[in-house]
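Participant: Just dropping this structure here.
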Amino acid sequence: MKARRGTALAMLPAAIVVACLPLRLHAQSSPFSGTLALNSQLVDRGLAITRSTPILQGAASWNSPGGWTLGAAAGVQARAPGRMAEALVQGARSWSLSDSWQMQANLLYYDYGSGARVRLYDRAEVGAHWIYRDVLTVGVSAIHAINGHHDKPMPAGDLTVHWPLPGGFSLTGGIGVAQYLLPPRGHYYDSRAFTYRYGDAGVAWTHGPWRLALDRIATDLSLPSGSRGPGAPRWVGSVSVGF
């Protein structure tokens, strides 16, 4: 989730990014904004939540002049629109620390549908993010698995970069570390804290309310011998329009 100034749904890195749709604030008087997007796959912190199938997502937010944000988002499989893939709600508060730095604190709740496997990704998350000129974001989070067997909050950390280029293009990238919400096969939840690292690099093009993006994802799924972890996609693409 990239946390930036005016981000209504501070989601997960790069598609990360795609897993939960970030909203952009438009330079207008209305406190409401929204986004519609089509993504190639639902991805959360470098792990594939769904199979490689297009996901149609929508998000809306309300932003106050005092820095408060309330937002909600939902996604369905484009080939099975009656089947919810994910939903989330968020509350956030942003502060200006200086001319270059901002801080955002948020509380999010994720729901990934009714499947037995994906329900293990349902969670509540508290995060804090420090943003430098909408170019660099550093974030830390504490995660509580709703349907898991983790007794203590699980930490995660992310660093993301958004570097603008001429012609509406920009380079994007990020790295992060987190703990598996779904443990590797053959291991119990309390056997040990399995962590993994992930990253992405991509390019985006923005024209008016439209945005196209393509990200290459790398996920370190090093596990004990004989274990199997969640899948990791290689490429994720998206097209979105804001309003």
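Every chain in the structure tokens has a letter given in the order shown (A, B, ...), and although residue numbers restart at 1 in each chain, ligands are simply numbered from 1 in the order shown.
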Please list as a VMD selection string every residue within 10 Å of A:Ser64, counting only C-alpha atoms and excluding residues in the same chain fewer than 3 positions away.
Facilitator: chain A and resid 30 to 32 67 to 70 93
Participant: From a DSSP calculation on the backbone, collect every residue of stretch 82-151 of chain A in helix (DSSP H, G or I) and output the set as a PyMOL selection string.
Facilitator: chain A and resi 118-121
Participant: Hey, can you spit out that residue selection with C-alpha atoms as a short mmCIF file (atom, residue, chain, number, x, y, z; two decimals), in the first residue's frame?
Facilitator:
```cif
data_model
loop_
_atom_site.label_atom_id
_atom_site.label_comp_id
_atom_site.auth_asym_id
_atom_site.auth_seq_id
_atom_site.Cartn_x
_atom_site.Cartn_y
_atom_site.Cartn_z
CA VAL A 118 -8.20 -16.53 1.38
CA ARG A 119 -10.05 -15.94 4.65
CA LEU A 120 -6.70 -16.43 6.38
CA TYR A 121 -5.65 -13.11 4.79
#
```
Participant: List every residue of stretch 22-61 of chain A that DSSP, applied to the backbone of this structure, places in strand (DSSP E or B), and write the result as a PyMOL selection string.
Facilitator: chain A and resi 32-39+43-44+47-48+55-61
Participant: Can you write just those residues out, C-alpha atoms, as a PDB file, in the first residue's frame?
Facilitator:
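New file out_39.pdb:
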```pdb
ATOM      1  CA  PHE A  32     -15.084  13.146  -2.415  1.00  0.00           C
ATOM      2  CA  SER A  33     -13.005  11.191  -4.922  1.00  0.00           C
ATOM      3  CA  GLY A  34     -13.001   7.742  -6.447  1.00  0.00           C
ATOM      4  CA  THR A  35     -11.215   5.318  -8.746  1.00  0.00           C
ATOM      5  CA  LEU A  36     -12.183   2.423 -11.004  1.00  0.00           C
ATOM      6  CA  ALA A  37      -9.471  -0.035 -12.049  1.00  0.00           C
ATOM      7  CA  LEU A  38      -8.861  -3.275 -13.875  1.00  0.00           C
ATOM      8  CA  ASN A  39      -5.882  -5.246 -12.586  1.00  0.00           C
ATOM      9  CA  VAL A  43      -1.655  -9.221  -5.079  1.00  0.00           C
ATOM     10  CA  ASP A  44      -0.896  -8.374  -1.459  1.00  0.00           C
ATOM     11  CA  LEU A  47       1.945 -12.637  -2.713  1.00  0.00           C
ATOM     12  CA  ALA A  48      -0.816 -13.717  -5.088  1.00  0.00           C
ATOM     13  CA  ILE A  55      -9.799  -8.116 -11.007  1.00  0.00           C
ATOM     14  CA  LEU A  56     -12.228  -5.216 -11.346  1.00  0.00           C
ATOM     15  CA  GLN A  57     -11.935  -2.776  -8.433  1.00  0.00           C
ATOM     16  CA  GLY A  58     -13.683   0.355  -7.263  1.00  0.00           C
ATOM     17  CA  ALA A  59     -12.808   2.736  -4.440  1.00  0.00           C
ATOM     18  CA  ALA A  60     -14.225   5.926  -2.944  1.00  0.00           C
ATOM     19  CA  SER A  61     -13.037   8.322  -0.260  1.00  0.00           C
TER      20      SER A  61
END
```
Participant: Would you mind telling me which residue in A:Ala201, A:Val126, A:His207, A:Ser94 lies nearest to A:Tyr109 when using only C-alpha atoms?
Facilitator: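 Between A:Ala201, A:Val126, A:His207, A:Ser94, the residue approaching A:Tyr109 most closely is A:Val126.
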